[in-house]
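So this one's target_14.cif, mmCIF, C-alpha atoms (C1' of nucleotides):
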data_structure
#
loop_
_atom_site.label_atom_id
_atom_site.label_comp_id
_atom_site.auth_asym_id
_atom_site.auth_seq_id
_atom_site.Cartn_x
_atom_site.Cartn_y
_atom_site.Cartn_z
CA MET R 179 2.09 -66.37 13.20
CA SER R 180 3.62 -68.15 16.16
CA ASP R 181 2.06 -71.26 17.67
CA SER R 182 1.29 -69.42 20.88
CA GLY R 183 -0.44 -66.74 18.84
CA ASP R 184 -2.48 -69.40 17.07
CA VAL R 185 -3.52 -70.91 20.38
CA ALA R 186 -4.67 -67.55 21.70
CA VAL R 187 -6.62 -66.86 18.52
CA ALA R 188 -8.21 -70.30 18.60
CA ARG R 189 -9.27 -69.86 22.21
CA ALA R 190 -10.71 -66.41 21.64
CA LEU R 191 -12.64 -67.47 18.53
CA THR R 192 -14.04 -70.60 20.13
CA THR R 193 -15.19 -68.75 23.22
CA TRP R 194 -16.73 -66.00 21.13
CA PHE R 195 -18.58 -68.48 18.94
CA ARG R 196 -20.20 -70.22 21.90
CA ARG R 197 -21.68 -66.90 22.98
CA HIS R 198 -22.39 -65.17 19.70
CA GLY R 199 -22.87 -67.90 17.09
CA ARG R 200 -26.24 -67.87 15.38
CA VAL R 201 -28.67 -70.69 15.91
CA LEU R 202 -29.09 -72.27 12.48
CA PRO R 203 -31.14 -75.36 11.63
CA TRP R 204 -28.13 -77.39 10.50
CA ARG R 205 -26.29 -76.54 13.72
CA VAL R 206 -28.94 -78.03 15.95
CA ARG R 207 -27.52 -81.09 17.64
CA GLY R 208 -29.37 -84.24 18.47
CA ARG R 209 -29.24 -86.36 21.59
CA SER R 210 -25.74 -87.49 20.69
CA SER R 211 -24.61 -83.87 21.14
CA ARG R 212 -23.20 -84.16 17.63
CA ARG R 213 -24.41 -82.90 14.31
CA ASP R 214 -25.99 -85.42 11.95
CA GLY R 215 -23.67 -86.25 9.06
CA TYR R 216 -26.41 -86.30 6.45
CA ARG R 217 -27.94 -83.00 7.49
CA THR R 218 -24.49 -81.44 7.58
CA LEU R 219 -23.75 -82.71 4.07
CA VAL R 220 -27.03 -81.29 2.76
CA SER R 221 -26.38 -77.91 4.33
CA GLU R 222 -22.81 -77.71 3.05
CA LEU R 223 -23.85 -78.45 -0.54
CA MET R 224 -26.57 -75.82 -0.28
CA LEU R 225 -24.17 -73.30 1.21
CA GLN R 226 -21.63 -73.52 -1.62
CA GLN R 227 -21.47 -69.98 -3.00
CA THR R 228 -24.80 -69.27 -1.38
CA GLN R 229 -25.60 -67.06 1.58
CA VAL R 230 -27.11 -68.42 4.77
CA SER R 231 -30.25 -66.32 4.37
CA ARG R 232 -31.00 -67.93 1.02
CA VAL R 233 -30.36 -71.47 2.25
CA LEU R 234 -32.72 -70.93 5.19
CA ALA R 235 -35.60 -70.65 2.73
CA HIS R 236 -35.00 -74.18 1.38
CA TYR R 237 -33.14 -76.29 3.92
CA GLU R 238 -35.91 -77.38 6.27
CA ALA R 239 -38.33 -78.31 3.51
CA PHE R 240 -35.58 -80.30 1.80
CA VAL R 241 -34.61 -82.40 4.82
CA ALA R 242 -38.28 -82.87 5.68
CA ARG R 243 -38.87 -84.28 2.20
CA PHE R 244 -35.60 -86.27 2.18
CA PRO R 245 -34.89 -86.96 5.87
CA ASP R 246 -32.03 -89.41 5.42
CA VAL R 247 -29.54 -90.91 2.99
CA ARG R 248 -31.79 -93.79 2.01
CA THR R 249 -34.74 -91.59 1.13
CA LEU R 250 -32.62 -89.28 -0.97
CA ALA R 251 -30.81 -92.17 -2.65
CA HIS R 252 -34.11 -93.68 -3.76
CA ALA R 253 -35.68 -90.41 -4.90
CA ARG R 254 -36.04 -89.42 -8.53
CA GLU R 255 -33.63 -86.76 -9.70
CA GLN R 256 -36.53 -84.60 -10.85
CA SER R 257 -38.00 -84.45 -7.37
CA VAL R 258 -34.59 -83.56 -5.91
CA LEU R 259 -34.25 -80.78 -8.47
CA ALA R 260 -37.75 -79.61 -7.65
CA ALA R 261 -36.84 -79.27 -3.98
CA TRP R 262 -33.77 -77.30 -5.06
CA SER R 263 -35.76 -74.91 -7.26
CA GLY R 264 -34.83 -71.30 -6.61
CA LEU R 265 -31.47 -72.06 -4.99
CA GLY R 266 -29.45 -71.93 -8.20
CA TYR R 267 -26.35 -73.90 -9.22
CA TYR R 268 -28.61 -76.86 -9.89
CA ARG R 269 -25.69 -79.17 -10.57
CA ARG R 270 -25.29 -79.25 -6.80
CA ALA R 271 -28.65 -80.98 -6.44
CA LYS R 272 -27.58 -83.67 -8.89
CA HIS R 273 -24.28 -84.02 -7.04
CA LEU R 274 -26.01 -84.37 -3.69
CA HIS R 275 -28.35 -86.98 -5.14
CA GLY R 276 -25.36 -88.87 -6.55
CA ALA R 277 -23.54 -88.60 -3.24
CA ALA R 278 -26.52 -90.11 -1.42
CA LYS R 279 -26.56 -93.02 -3.85
CA MET R 280 -22.85 -93.60 -3.35
CA ILE R 281 -23.15 -93.42 0.43
CA HIS R 282 -26.09 -95.81 0.33
CA HIS R 283 -24.31 -98.38 -1.82
CA GLU R 284 -20.69 -98.08 -0.75
CA HIS R 285 -20.86 -96.82 2.84
CA GLN R 286 -23.88 -98.71 4.22
CA GLY R 287 -25.88 -95.51 4.26
CA ARG R 288 -23.55 -93.75 6.68
CA VAL R 289 -21.89 -90.50 5.69
CA PRO R 290 -18.13 -91.15 5.76
CA CYS R 291 -16.14 -89.20 8.33
CA ASP R 292 -12.73 -89.08 6.63
CA VAL R 293 -11.83 -86.47 4.06
CA ALA R 294 -10.49 -89.02 1.58
CA SER R 295 -13.81 -90.85 1.33
CA LEU R 296 -15.79 -87.63 1.47
CA GLY R 297 -13.73 -86.17 -1.34
CA ARG R 298 -14.76 -89.01 -3.65
CA LEU R 299 -18.41 -88.06 -3.36
CA PRO R 300 -19.71 -86.00 -6.28
CA GLY R 301 -19.88 -82.31 -5.49
CA VAL R 302 -17.59 -82.63 -2.49
CA GLY R 303 -14.27 -80.81 -2.85
CA ALA R 304 -11.62 -79.83 -0.36
CA TYR R 305 -13.78 -77.35 1.49
CA THR R 306 -16.89 -79.50 1.82
CA ALA R 307 -14.91 -82.62 2.79
CA GLY R 308 -13.16 -80.71 5.57
CA ALA R 309 -16.40 -79.10 6.67
CA VAL R 310 -18.33 -82.36 7.03
CA ALA R 311 -15.39 -84.12 8.68
CA SER R 312 -14.79 -81.36 11.22
CA LEU R 313 -18.29 -80.03 11.86
CA ALA R 314 -20.16 -83.34 12.00
CA PHE R 315 -17.44 -85.69 13.20
CA ASP R 316 -15.05 -83.30 14.95
CA ARG R 317 -12.11 -84.51 12.89
CA PRO R 318 -8.99 -82.30 12.97
CA GLU R 319 -9.36 -81.00 9.41
CA ALA R 320 -8.91 -77.48 8.14
CA ILE R 321 -11.42 -75.70 5.94
CA VAL R 322 -11.05 -72.64 3.75
CA ASP R 323 -13.96 -70.86 2.16
CA GLY R 324 -14.36 -67.22 1.23
CA ASN R 325 -14.97 -66.24 4.84
CA VAL R 326 -12.03 -68.12 6.31
CA SER R 327 -9.65 -66.88 3.64
CA ARG R 328 -10.63 -63.27 4.30
CA VAL R 329 -10.43 -63.61 8.10
CA LEU R 330 -7.01 -65.25 8.03
CA GLN R 331 -5.55 -62.80 5.53
CA ARG R 332 -6.70 -59.84 7.59
CA LEU R 333 -5.60 -61.37 10.86
CA ASN R 334 -2.12 -61.93 9.47
CA GLY R 335 -1.97 -58.75 7.46
CA ARG R 336 -1.56 -60.63 4.19
CA ARG R 337 -2.91 -59.59 0.85
CA GLU R 338 -2.38 -62.61 -1.32
CA SER R 339 -2.80 -62.61 -5.06
CA ALA R 340 -5.66 -64.66 -6.40
CA ALA R 341 -3.16 -67.29 -7.50
CA ASP R 342 -1.54 -67.63 -4.06
CA ALA R 343 -4.44 -67.01 -1.71
CA GLY R 344 -5.65 -70.60 -1.78
CA ALA R 345 -2.43 -72.32 -0.82
CA TRP R 346 -1.53 -69.72 1.77
CA ALA R 347 -4.93 -69.82 3.46
CA TRP R 348 -5.00 -73.60 3.63
CA ALA R 349 -1.59 -73.64 5.31
CA ALA R 350 -2.66 -70.97 7.78
CA ALA R 351 -5.97 -72.72 8.52
CA ASP R 352 -4.17 -76.01 8.99
CA ALA R 353 -1.74 -74.51 11.49
CA LEU R 354 -4.60 -72.93 13.41
CA VAL R 355 -6.59 -76.16 13.65
CA ARG R 356 -3.53 -78.05 14.81
CA SER R 357 -2.87 -75.47 17.53
CA ALA R 358 -6.48 -75.70 18.63
CA CYS R 359 -6.39 -79.48 18.85
CA ALA R 360 -3.12 -79.40 20.74
CA VAL R 361 -4.77 -77.58 23.64
CA GLY R 362 -7.95 -79.63 23.58
CA LEU R 363 -10.21 -77.30 21.62
CA SER R 364 -12.76 -78.72 19.18
CA PRO R 365 -11.69 -78.38 15.54
CA GLY R 366 -15.34 -78.24 14.52
CA ASP R 367 -16.04 -75.35 16.88
CA LEU R 368 -12.95 -73.51 15.69
CA ASN R 369 -13.86 -73.91 12.01
CA GLU R 370 -17.41 -72.85 12.59
CA ALA R 371 -16.19 -69.85 14.59
CA LEU R 372 -13.92 -68.77 11.74
CA MET R 373 -16.77 -68.87 9.25
CA GLU R 374 -19.20 -67.22 11.61
CA LEU R 375 -16.78 -64.39 12.28
CA GLY R 376 -16.35 -63.83 8.56
CA ALA R 377 -20.09 -63.89 7.96
CA THR R 378 -21.18 -61.61 10.79
CA VAL R 379 -18.21 -59.46 11.92
CA CYS R 380 -15.23 -59.65 9.57
CA THR R 381 -17.41 -58.94 6.54
CA PRO R 382 -16.08 -58.02 3.09
CA ARG R 383 -17.11 -54.39 3.49
CA GLY R 384 -17.63 -52.48 6.68
CA PRO R 385 -16.15 -55.02 9.10
CA ARG R 386 -17.26 -54.45 12.69
CA CYS R 387 -13.82 -54.58 14.23
CA GLY R 388 -15.13 -53.28 17.55
CA ALA R 389 -17.07 -56.52 17.99
CA CYS R 390 -14.20 -58.81 17.01
CA PRO R 391 -12.79 -61.17 19.63
CA VAL R 392 -9.32 -61.12 18.03
CA ARG R 393 -9.12 -57.43 17.14
CA ASP R 394 -6.06 -56.94 19.34
CA ARG R 395 -4.20 -59.59 17.36
CA CYS R 396 -5.28 -58.42 13.90
CA VAL R 397 -2.42 -57.06 11.81
CA ALA R 398 -4.75 -55.52 9.21
CA ARG R 399 -6.70 -53.61 11.81
CA ALA R 400 -3.52 -52.30 13.43
CA SER R 401 -2.60 -50.66 10.14
CA GLY R 402 -6.16 -49.80 9.16
CA SER R 403 -5.92 -51.90 6.00
CA GLN R 404 -8.75 -54.32 6.71
CA GLU R 405 -10.90 -52.86 3.94
CA ASP R 406 -8.15 -53.47 1.40
CA ILE R 407 -7.96 -57.18 2.16
CA PRO R 408 -8.53 -59.40 0.32
CA LEU R 409 -7.74 -58.23 -3.18
CA PRO R 410 -10.86 -58.05 -5.35
CA LYS R 411 -11.41 -61.03 -7.59
CA PRO R 412 -10.86 -60.34 -11.28
CA THR R 413 -14.28 -60.15 -12.84
CA SER R 414 -15.22 -60.94 -16.41
CA PRO R 415 -18.00 -58.99 -18.10
CA ARG R 416 -21.44 -60.54 -18.22
CA ARG R 417 -22.39 -61.78 -21.65
CA ARG R 418 -25.81 -61.03 -22.98
CA LEU R 419 -28.55 -63.54 -23.64
CA HIS R 420 -31.99 -62.86 -25.09
CA CYS R 421 -34.90 -65.12 -24.20
CA ALA R 422 -38.43 -65.01 -25.56
CA SER R 423 -40.96 -67.14 -23.71
CA VAL R 424 -44.53 -68.07 -24.51
CA VAL R 425 -46.94 -68.80 -21.71
CA ALA R 426 -49.80 -70.81 -23.14
CA VAL R 427 -52.76 -71.69 -20.95
CA ASP R 428 -55.47 -74.05 -22.18
CA GLY R 429 -59.21 -73.93 -21.47
CA ARG R 430 -58.78 -75.85 -18.20
CA GLY R 431 -56.09 -73.54 -16.84
CA ARG R 432 -53.19 -75.81 -17.61
CA VAL R 433 -49.83 -74.40 -18.68
CA LEU R 434 -47.60 -75.74 -21.43
CA ILE R 435 -44.01 -76.45 -20.38
CA GLU R 436 -40.91 -78.01 -21.90
CA GLN R 437 -37.66 -79.36 -20.46
CA ARG R 438 -34.29 -77.79 -21.14
CA GLY R 439 -31.37 -79.81 -22.42
CA PRO R 440 -28.89 -81.63 -20.18
CA ASP R 441 -26.07 -79.10 -20.57
CA GLY R 442 -25.45 -75.45 -19.84
CA LEU R 443 -27.61 -72.93 -18.08
CA TRP R 444 -30.56 -74.30 -16.09
CA ALA R 445 -29.81 -77.78 -17.39
CA ASP R 446 -32.75 -80.23 -17.19
CA MET R 447 -35.01 -77.59 -15.68
CA TRP R 448 -38.51 -76.97 -17.05
CA GLN R 449 -39.78 -73.77 -18.59
CA ALA R 450 -42.48 -72.11 -20.65
CA PRO R 451 -41.44 -72.72 -24.30
CA THR R 452 -38.48 -70.39 -24.72
CA LEU R 453 -36.30 -69.39 -27.65
CA GLU R 454 -32.80 -68.05 -26.98
CA ARG R 455 -30.31 -65.97 -28.95
CA LEU R 456 -26.96 -64.52 -27.98
CA ASP R 457 -26.84 -61.46 -30.22
CA ARG R 458 -30.41 -60.17 -30.48
CA PRO R 459 -33.94 -60.93 -29.29
CA PRO R 460 -35.76 -63.62 -31.26
CA THR R 461 -38.31 -62.14 -33.63
CA ARG R 462 -42.02 -62.80 -33.25
CA SER R 463 -41.93 -64.91 -36.39
CA GLU R 464 -39.10 -67.04 -35.10
CA LEU R 465 -40.95 -67.50 -31.85
CA ALA R 466 -44.20 -68.40 -33.64
CA GLU R 467 -42.28 -70.91 -35.75
CA TYR R 468 -40.75 -72.43 -32.61
CA VAL R 469 -43.92 -72.62 -30.55
CA LEU R 470 -46.76 -72.85 -33.07
CA GLY R 471 -44.88 -74.40 -35.97
CA ARG R 472 -45.88 -71.58 -38.30
CA ALA R 473 -44.05 -68.26 -38.57
CA ALA R 474 -47.17 -66.77 -40.12
CA ASP R 475 -49.02 -67.21 -36.82
CA ALA R 476 -46.96 -64.50 -35.14
CA GLY R 477 -50.15 -62.50 -34.69
CA MET R 478 -51.37 -65.03 -32.16
CA LEU R 479 -48.64 -64.04 -29.73
CA ARG R 480 -49.60 -61.31 -27.30
CA ARG R 481 -46.85 -59.46 -25.50
CA ALA R 482 -47.23 -59.55 -21.71
CA GLY R 483 -44.03 -57.77 -20.62
CA GLY R 484 -40.33 -58.18 -20.11
CA PHE R 485 -37.65 -58.13 -17.43
CA GLU R 486 -33.91 -58.37 -16.82
CA HIS R 487 -32.42 -61.39 -15.08
CA GLN R 488 -28.82 -61.58 -13.87
CA THR R 489 -26.58 -64.54 -13.24
CA THR R 490 -22.86 -64.51 -12.51
CA HIS R 491 -21.84 -64.67 -16.15
CA ARG R 492 -24.93 -63.55 -18.00
CA ARG R 493 -27.28 -60.68 -18.34
CA VAL R 494 -30.49 -62.19 -19.60
CA ARG R 495 -33.25 -60.16 -21.15
CA PHE R 496 -36.62 -61.91 -21.08
CA VAL R 497 -39.61 -60.98 -23.20
CA VAL R 498 -42.82 -62.74 -22.26
CA TYR R 499 -45.73 -63.52 -24.58
CA THR R 500 -49.03 -65.26 -24.03
CA ALA R 501 -50.88 -67.43 -26.51
CA ARG R 502 -53.89 -69.69 -26.78
CA SER R 503 -54.34 -73.08 -28.40
CA VAL R 504 -50.72 -74.09 -28.49
CA PRO R 505 -50.29 -77.77 -29.26
CA ALA R 506 -48.74 -80.07 -26.67
CA GLY R 507 -46.63 -83.05 -27.65
CA ASP R 508 -43.07 -83.23 -28.94
CA GLY R 509 -41.77 -83.05 -25.40
CA ARG R 510 -44.17 -80.34 -24.31
CA VAL R 511 -46.70 -81.19 -21.61
CA LEU R 512 -49.61 -79.47 -19.90
CA LYS R 513 -49.47 -78.96 -16.15
CA SER R 514 -51.97 -77.41 -13.78
CA SER R 515 -50.60 -74.30 -12.15
CA ARG R 516 -50.87 -76.08 -8.80
CA ALA R 517 -48.62 -78.89 -10.02
CA LEU R 518 -45.87 -76.47 -11.01
CA SER R 519 -44.57 -76.27 -7.45
CA ALA R 520 -43.43 -79.90 -7.70
CA ILE R 521 -41.54 -79.36 -10.95
CA PRO R 522 -37.94 -78.12 -11.32
CA ILE R 523 -38.29 -74.54 -12.53
CA SER R 524 -35.71 -71.75 -12.20
CA ASN R 525 -36.55 -68.47 -10.56
CA ALA R 526 -36.21 -66.75 -13.92
CA GLN R 527 -38.96 -68.95 -15.33
CA ARG R 528 -41.10 -68.48 -12.22
CA LYS R 529 -40.89 -64.79 -13.05
CA VAL R 530 -41.92 -65.53 -16.63
CA LEU R 531 -44.99 -67.44 -15.45
CA ALA R 532 -45.88 -64.82 -12.88
CA MET R 533 -45.69 -62.09 -15.50
CA ALA R 534 -48.35 -63.95 -17.49
CA GLY R 535 -50.52 -64.40 -14.43
CA VAL R 536 -49.66 -68.05 -13.80
CA GLY R 537 -48.39 -69.52 -10.55
"C1'" DA P 119 -5.47 -71.50 -15.33
"C1'" DA P 120 -9.69 -70.18 -17.07
"C1'" DG P 121 -14.57 -70.81 -17.89
"C1'" DT P 122 -19.08 -72.21 -16.27
"C1'" DC P 123 -22.86 -72.78 -13.23
"C1'" DG P 124 -27.95 -69.01 -10.08
"C1'" DG P 125 -29.61 -65.82 -7.60
"C1'" DG P 126 -30.24 -62.14 -4.43
"C1'" DG P 127 -28.66 -58.49 -1.30
"C1'" DC P 128 -26.21 -54.57 -0.40
"C1'" DA P 129 -23.30 -50.22 -0.57
"C1'" DT I 209 -24.32 -50.79 -11.10
"C1'" DG I 210 -20.40 -53.84 -9.09
"C1'" DC I 211 -19.15 -57.17 -5.75
"C1'" DC I 212 -19.73 -61.09 -2.97
"C1'" DC I 213 -21.33 -65.33 -1.22
"C1'" DA I 214 -20.04 -72.22 3.89
"C1'" DG I 215 -17.07 -74.06 -4.24
"C1'" DA I 216 -16.78 -77.76 -7.60
"C1'" DC I 217 -16.09 -79.42 -12.01
"C1'" DT I 218 -14.70 -79.32 -16.90
"C1'" DT I 219 -11.67 -78.07 -20.52
#
Represent the supplied structure as structure tokens.
Amino acid sequence: MSDSGDVAVARALTTWFRRHGRVLPWRVRGRSSRRDGYRTLVSELMLQQTQVSRVLAHYEAFVARFPDVRTLAHAREQSVLAAWSGLGYYRRAKHLHGAAKMIHHEHQGRVPCDVASLGRLPGVGAYTAGAVASLAFDRPEAIVDGNVSRVLQRLNGRRESAADAGAWAWAAADALVRSACAVGLSPGDLNEALMELGATVCTPRGPRCGACPVRDRCVARASGSQEDIPLPKPTSPRRRLHCASVVAVDGRGRVLIEQRGPDGLWADMWQAPTLERLDRPPTRSELAEYVLGRAADAGMLRRAGGFEHQTTHRRVRFVVYTARSVPAGDGRVLKSSRALSAIPISNAQRKVLAMAGVG
DNA sequence: AAGTCGGGGCA
DNA sequence: TGCCCAGACTT
């Protein structure tokens, strides 16, 4: 695309965004008429691979609980994970916590505004560094996420292979930001407009081309190929996982929970005692052995139900049992059902507890 | 370059 | 059901 074309696109997108951009909590500007770096960083970590509608359910409570870098840096990781519960990709919460510590100790508590420093923070890659730098500090940095890549490929009539899409999109985004800056437009506004267009108009399926501010400059639309761009990502089949959980409630209504290991799925999250197998469901005896210490006590387990839970790479089948008089200790602790809201628990395990009438 | 990490919404 | 989402990190 020519430079003059880029300038026209940048102008049209920026103007459109001012009129049609959604009001989102992390876009609200303070008295400085600029976005807060910390709040922007929090939102960008939450938004990695996660839709706006899902982040809305957690963002405000999170920044209310951890209003600034110092508060988050001094928090316990478990309480950060608890505030992240339900959002998924829990490693991001640990990364954000680590980033706050690094900012507190190495940047005097101020979120850095250059992509080099931002990129050294845990959990901050090329996209997030560019996003914080441009959106919060109006630095002339490009960003490419799924939305931007799709918008730029369609606009230019490209259908890049998965291997080439990244490099091509970054070059195109970079050229566009430079053109915008050259005529005095805000790089932050341009980047946000690109993402907003992808999220609300130039959607993966059923794009609303009639509402697009750059439809007359879109090569894909001219040829009617917008639905064929971008190429679908190669998908690997979901592997199966079988989980059997025991929800044990004592005489005072407290629930027994245990913590998962530090690696793999739902790392460090808490759960009702759960046994996992890749190939087949655990047997009742195996479960009784795991929870009660005696395979012969399988009769004490009462089946409460089951459900299917999906993640990107797994198809998890849960079977839920209830039991009485299960011993605590050995890492297992009793918690009142009211206290569970302050403990890191995945949505899958919330379903397990709900199925047994807890929560 | 490929695998892993959640979870929900939508055609 | 399959696909996608304001990606990053490890191997």
*Neighbours of chain R in chain I at 7 Å, counting all atoms listed in the file, as a VMD selection string*: chain I and resid 213 to 216
Can you write just those residues out, C-alpha atoms (C1' of nucleotides), as a PDB file, keeping the file's coordinate frame?
ATOM      1  C1'  DC I 213     -21.330 -65.330  -1.220  1.00  0.00           C
ATOM      2  C1'  DA I 214     -20.040 -72.220   3.890  1.00  0.00           C
ATOM      3  C1'  DG I 215     -17.070 -74.060  -4.240  1.00  0.00           C
ATOM      4  C1'  DA I 216     -16.780 -77.760  -7.600  1.00  0.00           C
TER       5       DA I 216
END
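A straight line drawn from atom CA of Gly308 of chain R to atom CA of Gly366 of chain R is 9.5 Å long.
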_Pick from R:Gly335, R:Gly384, R:Pro245, R:Pro203 nearest to chain P, counting all atoms listed in the file_ = R:Gly384
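Residue-level contacts from chain R to chain P at 6 Å, counting all atoms listed in the file, read Gly266, Tyr267 and Thr489 of chain R.
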_Å distance separating atom CA of Glu405 of chain R from atom CA of Val392 of chain R, one decimal place_ = 16.4 Å
*How far is it from atom CA of Arg386 of chain R to atom CA of Arg399 of chain R, in Å with one decimal?*
10.6 Å
*Residue members of the PyMOL selection byres ((chain R and resi 504) around 10) in the file shown, as a VMD selection string*: chain R and resid 424 to 428 433 to 434 469 to 471 478 501 to 503 505 to 507 510
Could you rebuild segment 313-325 of chain R with N, CA and C atoms and give me the result as a PDB file, keeping the file's coordinate frame?
ATOM      1  N   LEU R 313     -17.076 -80.523  11.200  1.00  0.00           N
ATOM      2  CA  LEU R 313     -18.290 -80.030  11.860  1.00  0.00           C
ATOM      3  C   LEU R 313     -19.161 -81.171  12.375  1.00  0.00           C
ATOM      4  N   ALA R 314     -19.275 -82.248  11.585  1.00  0.00           N
ATOM      5  CA  ALA R 314     -20.160 -83.340  12.000  1.00  0.00           C
ATOM      6  C   ALA R 314     -19.437 -84.382  12.835  1.00  0.00           C
ATOM      7  N   PHE R 315     -18.153 -84.594  12.529  1.00  0.00           N
ATOM      8  CA  PHE R 315     -17.440 -85.690  13.200  1.00  0.00           C
ATOM      9  C   PHE R 315     -16.273 -85.211  14.055  1.00  0.00           C
ATOM     10  N   ASP R 316     -16.102 -83.904  14.134  1.00  0.00           N
ATOM     11  CA  ASP R 316     -15.050 -83.300  14.950  1.00  0.00           C
ATOM     12  C   ASP R 316     -13.661 -83.839  14.613  1.00  0.00           C
ATOM     13  N   ARG R 317     -13.441 -84.092  13.334  1.00  0.00           N
ATOM     14  CA  ARG R 317     -12.110 -84.510  12.890  1.00  0.00           C
ATOM     15  C   ARG R 317     -11.214 -83.281  12.770  1.00  0.00           C
ATOM     16  N   PRO R 318      -9.927 -83.433  13.027  1.00  0.00           N
ATOM     17  CA  PRO R 318      -8.990 -82.300  12.970  1.00  0.00           C
ATOM     18  C   PRO R 318      -8.638 -81.918  11.545  1.00  0.00           C
ATOM     19  N   GLU R 319      -9.588 -81.395  10.804  1.00  0.00           N
ATOM     20  CA  GLU R 319      -9.360 -81.000   9.410  1.00  0.00           C
ATOM     21  C   GLU R 319      -9.578 -79.501   9.256  1.00  0.00           C
ATOM     22  N   ALA R 320      -8.753 -78.900   8.419  1.00  0.00           N
ATOM     23  CA  ALA R 320      -8.910 -77.480   8.140  1.00  0.00           C
ATOM     24  C   ALA R 320      -9.984 -77.271   7.078  1.00  0.00           C
ATOM     25  N   ILE R 321     -10.546 -76.083   7.041  1.00  0.00           N
ATOM     26  CA  ILE R 321     -11.420 -75.700   5.940  1.00  0.00           C
ATOM     27  C   ILE R 321     -11.087 -74.270   5.542  1.00  0.00           C
ATOM     28  N   VAL R 322     -11.225 -74.013   4.247  1.00  0.00           N
ATOM     29  CA  VAL R 322     -11.050 -72.640   3.750  1.00  0.00           C
ATOM     30  C   VAL R 322     -12.159 -72.332   2.759  1.00  0.00           C
ATOM     31  N   ASP R 323     -12.977 -71.385   3.101  1.00  0.00           N
ATOM     32  CA  ASP R 323     -13.960 -70.860   2.160  1.00  0.00           C
ATOM     33  C   ASP R 323     -13.690 -69.360   2.032  1.00  0.00           C
ATOM     34  N   GLY R 324     -14.574 -68.651   1.395  1.00  0.00           N
ATOM     35  CA  GLY R 324     -14.360 -67.220   1.230  1.00  0.00           C
ATOM     36  C   GLY R 324     -14.228 -66.495   2.559  1.00  0.00           C
ATOM     37  N   ASN R 325     -15.038 -66.877   3.528  1.00  0.00           N
ATOM     38  CA  ASN R 325     -14.970 -66.240   4.840  1.00  0.00           C
ATOM     39  C   ASN R 325     -13.639 -66.489   5.529  1.00  0.00           C
TER      40      ASN R 325
END
